[in-house]
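Heads up, the thing below is written out as structure tokens.
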Amino acid sequence: MQTSMNFELKEVKTNGSDGATCLANEEVTTGNGDGAAHRTVEVTERDGLLSEQQIDGSNGSAGHEAEVQMNRGNACTQDVSNVHRIKRELNEVIFWKIRRWMVIVIILIIILLVIFISLALCSAIYDDEEEKIDPSLLKVPQYFNGSFQLPNLISTEDLVSLSSTESQTLAADLQKKLADLYTSSPALGQYFSKAEIFAFRNGSVIADYQLTFLMPEEQQDQLRQFTLSREMVYNVFRQFLYDQEPDKSERLFIDPVSLSMV
Amino acid sequence: MLLWRCLTPLLLITLQICKAQDCHKFTDLNFGHAFMGTSTKIRLLLYTRDKATCGTLVSHSNLSGHPQFNLSRPTTFIIHGYRPTGSPPVWMSKMTEQLLARTDINVIEVDWNHGAANLNYFKSVENTRMVAANLTAFIGMMQEHGVSLSSIHMIGISLGAHISGFVGANLNGSIGRITALDPAGPQFTGTAPQDRLDKEDAQFVDVLHTDMDALGYREPLGHIDFYANGGADQPGCPKTIFAGGAYFKCDHQRSALLFIESLNGTCASTAFPCSSYTNFLDGNCLNCDQFGAAGCPVFGYDVIQWKDVLLRLGQTTTYFTTNEKSPFCTTNYILDMVIWNMKERWGYITVKLYYNGTEAVATIDHKASKFKKYTGTKLFAQFDKDIQSVEKMSLKFSTGNVFKPKYKLRILRIRLTHLEHKKRPLCRYDIVLEEGKEVTFRPIPCEESNF
């Protein structure tokens with residue numbers, strides 16, 4: 001409840017009939033989102049005296065009060081009756097206890113909700129993926145050769161000759177290790193083609209490898225300079241080796257320091 | 001015998017009390033005095049290494065009565081500023097203590113609390129001239145006893161900085177050094193050099209600015225001017241008036257705390273010459289070639305080591321950042337990033353470094369940084385502490401957008417370079433940072449690079 005003492009008196013129109021003056025007390029309650037529904041216009045003409053009115057802007061009852069007063073006074077202008085008509089229509093019961101203005105408010109809330117939910121969904125669902133290059137465009141090869149040492153293996157005659165099953169299994173295991181490493185790389189993955197182990201050398205086992213990447217014809221200069229530079233390909237391998245568990249007994253353990261690439 | 005046992009401690013206590021009474025304390029006034037206004041009264045309290053916590057009131061007319069005032073030692077004056085509440089400055093004794101711990105000198109606390117304690121700031125400003133005249137006469141008397149002006153160092157805080165300037169000007173700028181800690185701005189800004197501190201007032205004038213937007217002075221005043229955190233607002237200081245008195249004095253008082261910390265050598269703040277704070281934060285001012293082999297100047301007591309080169313350069317404006325609380329110094333790194341995203345990205349980066357359970361954090365958020373494909377982005381990262389060696393590090397990318405999709409930053413390489421140590425930079429290759437998600441990894445020493 002709000003007691004308002006400072007009405008704004010507004011002279012609307014002199015209607016010519018017996019010089020009667022029609023005064024409208026208008027108060028727009030602030031802090032009320034759906035003000036249109038609560039706009040209370042009061043017409044008061046009681047023995048030429050204006051009395052202070054108590055206006056309740058927080059619910060619909062003001063409307064009734066206003067209505068009563070309207071009936072008591074003279075319906076004096078067209079304007080006022082228009083407002084009155086709109087108000088009556090807004091207050092019309094559509095079904096059960098639901099009035100028209102309530103329906104309007106509910107629809108507005110639903111629209112806002114839909115907007116917010118869709119914005120939130122968009123940001124949640126959106127996946128910031130880079131454009132994938134069509135694999136058929138990847139034509140230009142880029143090779144990297146090098147070697148690394150497997151300190152946990154002892155070199156044997158069999159291993160050195162690539163024809164033996166022992167060396168072939170080892171080569172396959174190592175090729176898989178390298179292929180896994182490069183295909184899982186976000187930057188290099190899509191360009192990676194294959195990894196080959198083509199020789200084992202004597203001493204503590206040193207493996208010679210070749211990596212093949214495929215680039216699209218356009219942007220190949222940029223790719224060569226950045227993404228598919230020796231620096232990137234080498235260091236992705238190197239940091240992978242530094243990240244591996246320092247379990248020195250593992251057969252395929254590669255000594256990070258021994259890694260070379262040209 | 002029993003009597004003696006009882007009497008001995010009693011005698012000792014009495015003796016202690018008597019001794020304690022010999023110590024002269026800084027004038028303690030209250031708000032009432034400040035309200036009524038005080039007339040100027042200057043007390044000079046001498047502290048030396050033998051009596052580092054016990055002040056001796058020095059006579060203005062006769063030095064011979066103070067055997068501990070050894071005039072062959074250099075003398076440092078500490079001059080406080082405006083005291084609206086009349087209380088003794090909290091940092092004063094700490095500064096004296098630390099100065100004496102550093103070097104064997106005479107420290108004279110200039111207590112002009114009667115004169116500084118006045119609700120009417122303008123009255124206190126007027127009184128500075130009187131304090132300066134008094135100190136000039138005192139130094140004149142020291143000169144008569146054979147003291148060289150070069151051996152005199154004045155440390156002035158706020159109004160005290162201008163007092164030092166007036167004394168220096170009265171002595172034709174021949175005193176050794178003036179250190180101005182956040183020199184007062186109101187009533188001094190825009191005045192002629194003779195009405196404020198300027199670099200002609202001493203052989204070497206070093207100035208720290210911490211509150212130039214309120215109680216401090218905006219323009220450079222010395223041979224070297226340090227602007228801590230840009231010189232306006234200090235981290236950890238309240239931003240609203242609801243914090244009470246601290247809101248007014250925190251930024252201003254920080255100048256004294258920063259200087260005290262520079263004395264004990266726990267950590268040093270390297271300052272970088274730059275045209276503006278923004279430029280400095282962008283990492284455009286990390287070159288100190290102009291200082292030759294000495295490198296970038298270090299803020300505080302030891303900046304005297306750069307005296308020659310700074311005098312040659314005329315005037316140097318420098319910047320550094322600090323932490324919210326002690327230890328204030330930050331550790332500076334350069335973070336280089338090269339990305340391969342097709343589209344340009346804008347955002348903020350938070351970096352954390354880990355070593356043996358300790359964590360150092362740097363947030364680069366003074367503005368959104370731009371990341372463009374194959375174009376290096378250089379970021380200036382100030383960490384809250386120094387990490388001996390980096391075991392692990394983590395990165396976080398954020399854009400500050402609420403209703404925008406979560407972007408990813410696809411990094412080819414990041415490189416972290418310590419600004420001071422000549423250690424090998426650390427690198428990590430091929431990382432994808434999803435907005436708002438922290439990614440932790442182990443960096444490896446960088447190989448020489450082609451991009």
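For the structure tokens, the naming scheme is as follows: chains receive sequential letters (A, B, ...) according to their order of presentation, residues are indexed from 1 within each chain, and ligands are indexed from 1 in presentation order.
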**Request:** Do me a favour and pick out the residues of chain A within 12 Å of chain B, using only C-alpha atoms, as number ranges by chain.
**Result:** A: 115-132, 181-182, 184-189, 222-244, 256-257
Hey, which bits of segment 195-257 of chain A sit within 10 Å of segment 135-156 of chain A, and for each residue what's the closest pair of atoms and how far apart in Å (one decimal), counting only C-alpha atoms, rows by chain and increasing number, as CSV?
```
residue,atom,partner,partner_atom,distance
A:Ala195,CA,A:Phe144,CA,9.5
A:Glu196,CA,A:Asn145,CA,9.5
A:Ile197,CA,A:Ser147,CA,9.2
A:Ala199,CA,A:Ser147,CA,9.3
A:Phe200,CA,A:Ser155,CA,8.5
A:Arg201,CA,A:Ser155,CA,8.0
A:Asn202,CA,A:Ser155,CA,6.0
A:Gly203,CA,A:Ser155,CA,6.2
A:Ser204,CA,A:Ile154,CA,5.8
A:Val205,CA,A:Leu150,CA,5.4
A:Ile206,CA,A:Gln149,CA,4.3
A:Ala207,CA,A:Ser147,CA,5.4
A:Asp208,CA,A:Ser147,CA,4.3
A:Tyr209,CA,A:Gly146,CA,5.6
A:Gln210,CA,A:Asn145,CA,4.5
A:Leu211,CA,A:Phe144,CA,5.1
A:Thr212,CA,A:Tyr143,CA,4.8
A:Phe213,CA,A:Gln142,CA,5.1
A:Leu214,CA,A:Pro141,CA,4.4
A:Met215,CA,A:Leu138,CA,4.7
A:Pro216,CA,A:Leu138,CA,4.3
A:Glu217,CA,A:Val140,CA,6.2
A:Glu218,CA,A:Leu137,CA,9.2
A:Gln220,CA,A:Val140,CA,8.0
A:Arg224,CA,A:Gln142,CA,8.2
A:Leu228,CA,A:Gln142,CA,8.0
A:Ser229,CA,A:Gln142,CA,9.4
A:Arg230,CA,A:Phe144,CA,7.4
A:Val233,CA,A:Phe144,CA,8.2
A:Tyr234,CA,A:Phe144,CA,8.7
A:Lys248,CA,A:Asn152,CA,7.2
A:Ser249,CA,A:Asn152,CA,6.4
A:Glu250,CA,A:Asn152,CA,6.9
A:Arg251,CA,A:Asn152,CA,5.7
A:Leu252,CA,A:Leu150,CA,6.6
A:Phe253,CA,A:Leu150,CA,6.0
A:Ile254,CA,A:Leu150,CA,5.0
A:Asp255,CA,A:Gln149,CA,5.8
A:Pro256,CA,A:Phe148,CA,8.0
A:Val257,CA,A:Phe148,CA,8.5
```
Export of the given selection (N, CA, C and O atoms) as a short mmCIF file (atom, residue, chain, number, x, y, z; two decimals), in the first residue's frame:
```
data_model
loop_
_atom_site.label_atom_id
_atom_site.label_comp_id
_atom_site.auth_asym_id
_atom_site.auth_seq_id
_atom_site.Cartn_x
_atom_site.Cartn_y
_atom_site.Cartn_z
N ALA A 195 54.42 -42.87 -40.65
CA ALA A 195 55.73 -42.92 -40.01
C ALA A 195 56.36 -44.26 -40.38
O ALA A 195 55.70 -45.30 -40.33
N GLU A 196 57.62 -44.22 -40.77
CA GLU A 196 58.31 -45.44 -41.16
C GLU A 196 59.60 -45.59 -40.38
O GLU A 196 60.33 -44.61 -40.19
N ILE A 197 59.87 -46.81 -39.97
CA ILE A 197 61.18 -47.11 -39.39
C ILE A 197 61.91 -47.90 -40.47
O ILE A 197 61.42 -48.93 -40.92
N ALA A 199 65.47 -48.47 -40.53
CA ALA A 199 66.72 -49.18 -40.19
C ALA A 199 66.94 -49.18 -38.69
O ALA A 199 66.51 -48.27 -37.98
N PHE A 200 67.57 -50.24 -38.21
CA PHE A 200 68.09 -50.27 -36.84
C PHE A 200 69.59 -50.36 -36.94
O PHE A 200 70.12 -51.13 -37.74
N ARG A 201 70.23 -49.51 -36.13
CA ARG A 201 71.68 -49.53 -36.21
C ARG A 201 72.26 -50.20 -34.98
O ARG A 201 71.60 -50.32 -33.94
N ASN A 202 73.51 -50.56 -35.12
CA ASN A 202 74.21 -51.31 -34.07
C ASN A 202 74.48 -50.51 -32.81
O ASN A 202 74.14 -49.35 -32.73
N GLY A 203 75.12 -51.16 -31.91
CA GLY A 203 75.41 -50.55 -30.61
C GLY A 203 74.16 -50.69 -29.78
O GLY A 203 73.42 -51.65 -29.92
N SER A 204 73.92 -49.73 -28.89
CA SER A 204 72.59 -49.73 -28.28
C SER A 204 71.67 -49.26 -29.41
O SER A 204 72.03 -48.39 -30.18
N VAL A 205 70.52 -49.84 -29.48
CA VAL A 205 69.75 -49.74 -30.73
C VAL A 205 69.38 -48.31 -31.11
O VAL A 205 68.79 -47.58 -30.30
N ILE A 206 69.76 -47.93 -32.28
CA ILE A 206 69.36 -46.63 -32.83
C ILE A 206 68.43 -46.90 -34.00
O ILE A 206 68.75 -47.69 -34.89
N ALA A 207 67.25 -46.25 -33.98
CA ALA A 207 66.29 -46.46 -35.06
C ALA A 207 66.29 -45.25 -35.97
O ALA A 207 66.29 -44.11 -35.50
N ASP A 208 66.30 -45.48 -37.27
CA ASP A 208 66.17 -44.40 -38.25
C ASP A 208 64.72 -44.36 -38.71
O ASP A 208 64.13 -45.40 -38.99
N TYR A 209 64.17 -43.15 -38.76
CA TYR A 209 62.76 -43.04 -39.11
C TYR A 209 62.54 -42.01 -40.20
O TYR A 209 63.39 -41.16 -40.46
N GLN A 210 61.39 -42.12 -40.83
CA GLN A 210 60.97 -41.07 -41.75
C GLN A 210 59.49 -40.77 -41.50
O GLN A 210 58.67 -41.67 -41.39
N LEU A 211 59.17 -39.49 -41.39
CA LEU A 211 57.78 -39.07 -41.20
C LEU A 211 57.30 -38.41 -42.48
O LEU A 211 58.04 -37.65 -43.11
N THR A 212 56.08 -38.71 -42.88
CA THR A 212 55.53 -38.09 -44.08
C THR A 212 54.27 -37.31 -43.71
O THR A 212 53.38 -37.84 -43.05
N PHE A 213 54.26 -36.07 -44.14
CA PHE A 213 53.06 -35.23 -43.97
C PHE A 213 52.60 -34.81 -45.35
O PHE A 213 53.40 -34.71 -46.28
N LEU A 214 51.31 -34.56 -45.48
CA LEU A 214 50.78 -34.11 -46.77
C LEU A 214 50.11 -32.75 -46.59
O LEU A 214 49.34 -32.54 -45.66
N MET A 215 50.42 -31.86 -47.53
CA MET A 215 49.89 -30.50 -47.43
C MET A 215 49.02 -30.21 -48.64
O MET A 215 49.25 -30.77 -49.71
N PRO A 216 48.05 -29.32 -48.50
CA PRO A 216 47.34 -28.85 -49.68
C PRO A 216 48.26 -27.92 -50.47
O PRO A 216 49.18 -27.34 -49.90
N GLU A 217 48.00 -27.79 -51.78
CA GLU A 217 48.91 -27.00 -52.61
C GLU A 217 48.93 -25.54 -52.19
O GLU A 217 49.98 -24.91 -52.11
N GLU A 218 47.70 -25.02 -51.93
CA GLU A 218 47.70 -23.62 -51.50
C GLU A 218 48.19 -23.57 -50.05
O GLU A 218 48.11 -24.56 -49.33
N GLN A 220 50.98 -23.81 -48.92
CA GLN A 220 52.04 -24.73 -48.51
C GLN A 220 53.28 -24.01 -48.00
O GLN A 220 53.97 -24.54 -47.13
N ARG A 224 54.78 -24.77 -44.40
CA ARG A 224 56.17 -25.19 -44.25
C ARG A 224 56.91 -24.33 -43.25
O ARG A 224 57.77 -24.79 -42.53
N LEU A 228 54.03 -26.96 -40.24
CA LEU A 228 54.81 -28.15 -40.63
C LEU A 228 56.30 -27.84 -40.72
O LEU A 228 57.01 -28.41 -41.54
N SER A 229 56.74 -26.90 -39.88
CA SER A 229 58.17 -26.60 -39.86
C SER A 229 58.88 -27.72 -39.10
O SER A 229 58.26 -28.45 -38.32
N ARG A 230 60.16 -27.82 -39.32
CA ARG A 230 60.94 -28.81 -38.59
C ARG A 230 60.82 -28.55 -37.09
O ARG A 230 60.73 -29.48 -36.29
N VAL A 233 57.43 -30.10 -35.83
CA VAL A 233 57.38 -31.57 -35.91
C VAL A 233 58.37 -32.18 -34.91
O VAL A 233 58.05 -33.12 -34.19
N TYR A 234 59.53 -31.57 -34.82
CA TYR A 234 60.56 -32.08 -33.92
C TYR A 234 60.13 -31.90 -32.46
O TYR A 234 60.21 -32.83 -31.65
N LYS A 248 62.08 -46.64 -17.06
CA LYS A 248 63.22 -46.93 -17.93
C LYS A 248 63.26 -48.40 -18.39
O LYS A 248 64.09 -48.78 -19.19
N SER A 249 62.37 -49.21 -17.82
CA SER A 249 62.45 -50.62 -18.19
C SER A 249 61.61 -50.91 -19.43
O SER A 249 61.74 -51.96 -20.04
N GLU A 250 60.76 -49.96 -19.80
CA GLU A 250 59.86 -50.21 -20.92
C GLU A 250 60.66 -50.45 -22.20
O GLU A 250 61.62 -49.74 -22.50
N ARG A 251 60.20 -51.41 -22.99
CA ARG A 251 60.93 -51.83 -24.18
C ARG A 251 61.04 -50.69 -25.20
O ARG A 251 62.08 -50.43 -25.77
N LEU A 252 59.90 -49.97 -25.38
CA LEU A 252 59.88 -48.95 -26.42
C LEU A 252 60.30 -47.56 -25.90
O LEU A 252 60.04 -46.57 -26.53
N PHE A 253 60.91 -47.54 -24.73
CA PHE A 253 61.33 -46.26 -24.18
C PHE A 253 62.36 -45.59 -25.10
O PHE A 253 63.37 -46.19 -25.47
N ILE A 254 62.06 -44.33 -25.47
CA ILE A 254 62.97 -43.60 -26.35
C ILE A 254 63.66 -42.53 -25.52
O ILE A 254 62.98 -41.78 -24.80
N ASP A 255 64.96 -42.49 -25.61
CA ASP A 255 65.70 -41.49 -24.85
C ASP A 255 65.48 -40.11 -25.48
O ASP A 255 65.85 -39.88 -26.63
N PRO A 256 64.86 -39.14 -24.72
CA PRO A 256 64.52 -37.84 -25.32
C PRO A 256 65.75 -37.11 -25.87
O PRO A 256 65.66 -36.43 -26.89
N VAL A 257 66.87 -37.27 -25.18
CA VAL A 257 68.07 -36.53 -25.59
C VAL A 257 68.61 -37.05 -26.93
O VAL A 257 69.24 -36.32 -27.69
#
```
**Request:** Would you kindly return, as a list of chain:residue names, each protein, DNA or RNA residue with an atom no farther than 10 Å from any atom of Ile152 of chain B, considering only C-alpha atoms and excluding same-chain residues fewer than 4 positions away?
**Result:** B:Arg73, B:Pro74, B:Thr75, B:Thr76, B:Phe77, B:Asn106, B:Ile139, B:Val147, B:Ser148, B:Ser174, B:Ile175, B:Gly176, B:Arg177, B:Ile178, B:Ala202
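Within segment 177-241 of chain A, residues classed as strand (DSSP E or B) by DSSP on backbone coordinates are Phe192, Ser193, Lys194, Ala195, Glu196, Ile197, Phe198, Ala199, Phe200, Arg201, Ser204, Val205, Ile206, Ala207, Asp208, Tyr209, Gln210, Leu211, Thr212, Phe213, Leu214, Met215 and Pro216 of chain A.
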Print the selection's residues with N, CA and C atoms to a file, as a PDB file, in the first residue's frame.
```pdb
ATOM      1  N   PHE A 192      49.190 -35.432 -41.094  1.00  0.00           N
ATOM      2  CA  PHE A 192      50.074 -36.584 -40.932  1.00  0.00           C
ATOM      3  C   PHE A 192      49.667 -37.710 -41.881  1.00  0.00           C
ATOM      4  N   SER A 193      50.662 -38.291 -42.505  1.00  0.00           N
ATOM      5  CA  SER A 193      50.377 -39.390 -43.414  1.00  0.00           C
ATOM      6  C   SER A 193      50.909 -40.701 -42.862  1.00  0.00           C
ATOM      7  N   LYS A 194      52.215 -40.814 -42.701  1.00  0.00           N
ATOM      8  CA  LYS A 194      52.732 -42.061 -42.139  1.00  0.00           C
ATOM      9  C   LYS A 194      54.097 -41.893 -41.474  1.00  0.00           C
ATOM     10  N   ALA A 195      54.422 -42.873 -40.651  1.00  0.00           N
ATOM     11  CA  ALA A 195      55.727 -42.923 -40.007  1.00  0.00           C
ATOM     12  C   ALA A 195      56.359 -44.256 -40.376  1.00  0.00           C
ATOM     13  N   GLU A 196      57.617 -44.217 -40.770  1.00  0.00           N
ATOM     14  CA  GLU A 196      58.306 -45.443 -41.159  1.00  0.00           C
ATOM     15  C   GLU A 196      59.603 -45.593 -40.385  1.00  0.00           C
ATOM     16  N   ILE A 197      59.866 -46.813 -39.971  1.00  0.00           N
ATOM     17  CA  ILE A 197      61.180 -47.113 -39.391  1.00  0.00           C
ATOM     18  C   ILE A 197      61.909 -47.896 -40.475  1.00  0.00           C
ATOM     19  N   PHE A 198      63.002 -47.364 -40.941  1.00  0.00           N
ATOM     20  CA  PHE A 198      63.630 -48.076 -42.052  1.00  0.00           C
ATOM     21  C   PHE A 198      64.972 -48.704 -41.722  1.00  0.00           C
ATOM     22  N   ALA A 199      65.475 -48.469 -40.531  1.00  0.00           N
ATOM     23  CA  ALA A 199      66.718 -49.181 -40.193  1.00  0.00           C
ATOM     24  C   ALA A 199      66.941 -49.179 -38.689  1.00  0.00           C
ATOM     25  N   PHE A 200      67.575 -50.239 -38.211  1.00  0.00           N
ATOM     26  CA  PHE A 200      68.089 -50.272 -36.842  1.00  0.00           C
ATOM     27  C   PHE A 200      69.588 -50.362 -36.944  1.00  0.00           C
ATOM     28  N   ARG A 201      70.228 -49.514 -36.128  1.00  0.00           N
ATOM     29  CA  ARG A 201      71.676 -49.532 -36.206  1.00  0.00           C
ATOM     30  C   ARG A 201      72.259 -50.198 -34.979  1.00  0.00           C
ATOM     31  N   SER A 204      73.918 -49.735 -28.893  1.00  0.00           N
ATOM     32  CA  SER A 204      72.589 -49.733 -28.285  1.00  0.00           C
ATOM     33  C   SER A 204      71.673 -49.261 -29.410  1.00  0.00           C
ATOM     34  N   VAL A 205      70.515 -49.837 -29.483  1.00  0.00           N
ATOM     35  CA  VAL A 205      69.755 -49.744 -30.730  1.00  0.00           C
ATOM     36  C   VAL A 205      69.380 -48.310 -31.106  1.00  0.00           C
ATOM     37  N   ILE A 206      69.757 -47.930 -32.285  1.00  0.00           N
ATOM     38  CA  ILE A 206      69.357 -46.628 -32.827  1.00  0.00           C
ATOM     39  C   ILE A 206      68.428 -46.896 -34.002  1.00  0.00           C
ATOM     40  N   ALA A 207      67.253 -46.252 -33.981  1.00  0.00           N
ATOM     41  CA  ALA A 207      66.293 -46.458 -35.058  1.00  0.00           C
ATOM     42  C   ALA A 207      66.292 -45.247 -35.975  1.00  0.00           C
ATOM     43  N   ASP A 208      66.298 -45.482 -37.274  1.00  0.00           N
ATOM     44  CA  ASP A 208      66.166 -44.400 -38.251  1.00  0.00           C
ATOM     45  C   ASP A 208      64.722 -44.359 -38.706  1.00  0.00           C
ATOM     46  N   TYR A 209      64.172 -43.147 -38.757  1.00  0.00           N
ATOM     47  CA  TYR A 209      62.757 -43.040 -39.110  1.00  0.00           C
ATOM     48  C   TYR A 209      62.537 -42.008 -40.204  1.00  0.00           C
ATOM     49  N   GLN A 210      61.386 -42.116 -40.830  1.00  0.00           N
ATOM     50  CA  GLN A 210      60.965 -41.069 -41.753  1.00  0.00           C
ATOM     51  C   GLN A 210      59.489 -40.768 -41.504  1.00  0.00           C
ATOM     52  N   LEU A 211      59.171 -39.490 -41.386  1.00  0.00           N
ATOM     53  CA  LEU A 211      57.779 -39.066 -41.198  1.00  0.00           C
ATOM     54  C   LEU A 211      57.302 -38.411 -42.484  1.00  0.00           C
ATOM     55  N   THR A 212      56.078 -38.714 -42.877  1.00  0.00           N
ATOM     56  CA  THR A 212      55.525 -38.092 -44.076  1.00  0.00           C
ATOM     57  C   THR A 212      54.275 -37.307 -43.710  1.00  0.00           C
ATOM     58  N   PHE A 213      54.256 -36.075 -44.137  1.00  0.00           N
ATOM     59  CA  PHE A 213      53.065 -35.229 -43.973  1.00  0.00           C
ATOM     60  C   PHE A 213      52.600 -34.806 -45.351  1.00  0.00           C
ATOM     61  N   LEU A 214      51.311 -34.563 -45.484  1.00  0.00           N
ATOM     62  CA  LEU A 214      50.779 -34.108 -46.768  1.00  0.00           C
ATOM     63  C   LEU A 214      50.107 -32.753 -46.591  1.00  0.00           C
ATOM     64  N   MET A 215      50.425 -31.862 -47.531  1.00  0.00           N
ATOM     65  CA  MET A 215      49.886 -30.502 -47.431  1.00  0.00           C
ATOM     66  C   MET A 215      49.022 -30.210 -48.643  1.00  0.00           C
ATOM     67  N   PRO A 216      48.049 -29.319 -48.501  1.00  0.00           N
ATOM     68  CA  PRO A 216      47.335 -28.850 -49.682  1.00  0.00           C
ATOM     69  C   PRO A 216      48.259 -27.916 -50.469  1.00  0.00           C
TER      70      PRO A 216
END
```
Using only C-alpha atoms, tabulate the residues of segment 164-255 of chain B lying at most 12 Å from any atom of segment 279-286 of chain B, each with its closest atom pair and that distance in Å to one decimal, by chain and increasing residue number, as a Markdown table.
```
| residue | atom | partner | partner_atom | distance |
| --- | --- | --- | --- | --- |
| B:Tyr227 | CA | B:Phe280 | CA | 10.9 |
| B:Ala228 | CA | B:Phe280 | CA | 11.5 |
| B:Asn229 | CA | B:Leu281 | CA | 9.5 |
| B:Gly230 | CA | B:Phe280 | CA | 9.0 |
```
**Request:** List the neighbours of Arg345 of chain B out to 7 Å using only C-alpha atoms; skip same-chain residues closer than 4 positions along the sequence, and give me the result as a PyMOL selection string.
**Result:** chain B and resi 370-372
**Request:** Quote the spacing between atom CA of Thr440 of chain B and atom CA of Tyr355 of chain B in Å to one decimal place.
**Result:**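 Atom CA of Thr440 of chain B sits 12.9 Å away from atom CA of Tyr355 of chain B.
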